[in-house]
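Data first, discussion second: the structure below is written as structure tokens.
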Amino acid sequence: MEFREVVRRRRMVRSYDPDRPVPPEVVERLLDHAVRAPSAGFAQGWGFLVLESPEDRERFWSAASPGGSGRQRWLAGMSRAPLIVVPHANRSTYLERYAEPDKGWADRSPDRWPVPYWYVDTGFATLLMLLTAVDEGLGACFFGIPPQRTDAYREAFGVPEDFMPIGALTIGYRAPDHRSPSLRRGRRPVDQVVHRGRWGD
């Protein structure tokens with residue numbers, strides 16, 4: 001598929017065919033592309049939890065799902081995904097990397113960072129998985145793990161404290177689903193968000 005077509009087709013998919021697993025070689029391509037994302041200082045401070053077995057996926061939804069009403073339809077479609085990948089960011093990897101001689105921030109202070117690149121870089125890796133899914137004929141959706149569920153998620157899967165889940169990806173073959181009502185807002189035109197030469201000009 002041409003890259004421009006991959007970008008054009010990318011959207012969040014919220015319902016999957018539970019009877020069509022993601023082929024192992026496609027899972028490996030998703031992960032191989034993820035680790036090719038750029039990272040500050042080539043720190044590569046990320047980690048990916050891959051959940052494929054029904055037992056692991058059920059444990060994920062039990063630990064990480066938001067409670068309350070109004071989520072049943074969302075969860076019914078999302079929980080049918082045969083593959084879940086949880087990308088994690090590791091801040092300490094970046095603080096250690098930038099304390100090395102070629103960078104020289106020996107105090108390891110996170111205050112030196114203009115933005116938390118550990119999250120930015122893990123987001124880059126996540127986007128590469130989203131685009132790879134489209135290129136492979138799959139659907140995918142990125143969503144957040146509610147803060148009040150993070151501890152339960154960590155405990156369920158033994159995630160070290162240094163690794164922060166930035167969200168999770170469901171991946172699989174698309175089934176008919178309901179498009180997000182947010183899409184009615186429309187895509188903002190380029191001339192509303194791009195500023196050339198000076199902001200507002």
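Just remember, in the structure tokens the first chain shown is A, the second B, etc., residues are 1-based per chain, and ligands are 1-based in the order shown.
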Q) Skipping near chain neighbours, those fewer than 4 positions away, what residues fall within 12 Å of A:Glu155 using only C-alpha atoms, listed as a VMD selection string? A) chain A and resid 59 to 60 62 to 64 149 to 151 159 to 161
Counting only C-alpha atoms, which residues in stretch 80-117 of chain A sit no more than 10 Å from stretch 42-46 of chain A? For each one, give the nearest pair of atoms and the distance in Å, sorted by chain then residue number, as a tab-separated table.
residue	atom	partner	partner_atom	distance
A:Pro87	CA	A:Trp46	CA	7.0
A:His88	CA	A:Trp46	CA	5.4
A:Ala89	CA	A:Trp46	CA	4.7
A:Asn90	CA	A:Gly45	CA	5.0
A:Arg91	CA	A:Gly45	CA	7.0
A:Ser92	CA	A:Gly45	CA	8.0
A:Thr93	CA	A:Gly45	CA	5.3
A:Tyr94	CA	A:Ala43	CA	5.9
A:Leu95	CA	A:Ala43	CA	9.3
A:Glu96	CA	A:Ala43	CA	8.9
A:Arg97	CA	A:Ala43	CA	6.2
A:Tyr98	CA	A:Ala43	CA	8.7
A:Tyr117	CA	A:Gly45	CA	9.5
Q. For the atom pair atom CA of A:Arg20 and atom CA of A:Thr132, what is the interatomic distance in Å to one decimal place?
A.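 Atom CA of A:Arg20 sits 17.5 Å away from atom CA of A:Thr132.
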Q: Quick one: pick out all strand (DSSP E) residues within stretch 14-51 of chain A from a backbone DSSP run and write them as a PyMOL selection string.
A: chain A and resi 46-51
Could those residues be written to a file, using N, CA, C and O atoms, as a PDB file, in the first residue's frame?
ATOM      1  N   TRP A  46      11.703   2.465  26.092  1.00  0.00           N
ATOM      2  CA  TRP A  46      10.339   1.983  26.001  1.00  0.00           C
ATOM      3  C   TRP A  46      10.301   0.488  26.294  1.00  0.00           C
ATOM      4  O   TRP A  46      11.319  -0.200  26.320  1.00  0.00           O
ATOM      5  N   GLY A  47       9.130  -0.022  26.526  1.00  0.00           N
ATOM      6  CA  GLY A  47       8.910  -1.453  26.707  1.00  0.00           C
ATOM      7  C   GLY A  47       7.499  -1.772  26.253  1.00  0.00           C
ATOM      8  O   GLY A  47       6.589  -0.957  26.442  1.00  0.00           O
ATOM      9  N   PHE A  48       7.307  -2.931  25.652  1.00  0.00           N
ATOM     10  CA  PHE A  48       6.012  -3.283  25.066  1.00  0.00           C
ATOM     11  C   PHE A  48       5.534  -4.615  25.640  1.00  0.00           C
ATOM     12  O   PHE A  48       6.252  -5.620  25.552  1.00  0.00           O
ATOM     13  N   LEU A  49       4.353  -4.608  26.224  1.00  0.00           N
ATOM     14  CA  LEU A  49       3.741  -5.835  26.715  1.00  0.00           C
ATOM     15  C   LEU A  49       2.778  -6.335  25.649  1.00  0.00           C
ATOM     16  O   LEU A  49       1.838  -5.619  25.255  1.00  0.00           O
ATOM     17  N   VAL A  50       2.996  -7.560  25.161  1.00  0.00           N
ATOM     18  CA  VAL A  50       2.185  -8.148  24.094  1.00  0.00           C
ATOM     19  C   VAL A  50       1.271  -9.201  24.708  1.00  0.00           C
ATOM     20  O   VAL A  50       1.739 -10.139  25.359  1.00  0.00           O
ATOM     21  N   LEU A  51      -0.028  -9.044  24.489  1.00  0.00           N
ATOM     22  CA  LEU A  51      -1.019  -9.948  25.077  1.00  0.00           C
ATOM     23  C   LEU A  51      -1.813 -10.592  23.945  1.00  0.00           C
ATOM     24  O   LEU A  51      -2.553  -9.910  23.226  1.00  0.00           O
TER      25      LEU A  51
END
Q) If we count only C-alpha atoms, what is near A:Leu30 at a cut-off of 7 Å, once residues fewer than 3 positions away on the same chain are taken out, given as a list in words? A) Val26, Val27, His33, Ala34, Met129 and Thr132 of chain A
Q.
as a list in words, please: the residues near stretch 176-184 of chain A (cut-off 10 Å, only C-alpha atoms, same-chain neighbours under 4 positions excluded).
A.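 That gives Arg11, Met12, Val13, Arg14, Ser15, Tyr16, Asp17, Arg73, Trp74, Gly77 and Met78 of chain A.
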Using C-alpha atoms, can you export the residues from the last selection as a PDB file, in the first residue's frame?
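Heads up, here's the output in part_38.pdb:
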ATOM      1  CA  ARG A  11      -8.558   5.553  11.975  1.00  0.00           C
ATOM      2  CA  MET A  12      -9.386   4.145  15.382  1.00  0.00           C
ATOM      3  CA  VAL A  13     -11.211   0.815  15.063  1.00  0.00           C
ATOM      4  CA  ARG A  14     -13.340  -0.286  18.009  1.00  0.00           C
ATOM      5  CA  SER A  15     -14.678  -3.690  16.953  1.00  0.00           C
ATOM      6  CA  TYR A  16     -12.822  -6.767  15.741  1.00  0.00           C
ATOM      7  CA  ASP A  17     -13.377 -10.240  14.329  1.00  0.00           C
ATOM      8  CA  ARG A  73     -20.793  -1.162  23.829  1.00  0.00           C
ATOM      9  CA  TRP A  74     -17.230   0.165  23.656  1.00  0.00           C
ATOM     10  CA  GLY A  77     -16.214  -4.375  20.564  1.00  0.00           C
ATOM     11  CA  MET A  78     -12.740  -3.643  21.940  1.00  0.00           C
TER      12      MET A  78
END
Q: Would you list, as number ranges by chain, the residues of stretch 18-128 of chain A that end up in alpha helix (DSSP H) under DSSP run on this structure's backbone?
A: A: 24-34, 54-64, 72-78, 91-97, 117-128
Q.
What does the structure give for the distance between atom CA of A:Phe157 and atom CA of A:Leu75, in Å to one decimal?
A.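 Between these atoms lies a distance of 20.1 Å.
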Q) Distance atom CA of A:Arg4-atom CA of A:Val115, one decimal place? A)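 Rounded to one decimal, the two atoms are 29.3 Å apart.
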Q.
Env of A:Glu52: 7 Å cut, atoms = only C-alpha atoms, seq-sep filter 2 positions within chain, self excluded. Answer as an MDAnalysis selection string.
A. chainID A and resid 50 54 56:57 82:84
Create the file for the chosen residues now, containing N, CA and C atoms and written as a compact mmCIF listing (two decimals), in the first residue's frame.
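And here's result-v1.txt as it stands now:
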# COMPACT_ATOMS: atom_id res chain seq x y z
N VAL A 50 3.00 -7.56 25.16
CA VAL A 50 2.18 -8.15 24.09
C VAL A 50 1.27 -9.20 24.71
N PRO A 54 -6.17 -15.71 25.16
CA PRO A 54 -7.45 -15.27 25.74
C PRO A 54 -7.35 -14.97 27.23
N ASP A 56 -4.68 -13.90 28.96
CA ASP A 56 -3.98 -12.62 29.19
C ASP A 56 -4.86 -11.44 28.82
N ARG A 57 -5.59 -11.57 27.72
CA ARG A 57 -6.46 -10.46 27.30
C ARG A 57 -7.60 -10.25 28.30
N PRO A 82 -7.98 -9.67 19.03
CA PRO A 82 -7.13 -10.81 19.35
C PRO A 82 -5.73 -10.44 19.83
N LEU A 83 -5.40 -9.15 19.75
CA LEU A 83 -4.06 -8.71 20.13
C LEU A 83 -4.15 -7.38 20.86
N ILE A 84 -3.46 -7.30 22.00
CA ILE A 84 -3.31 -6.05 22.74
C ILE A 84 -1.82 -5.81 22.92
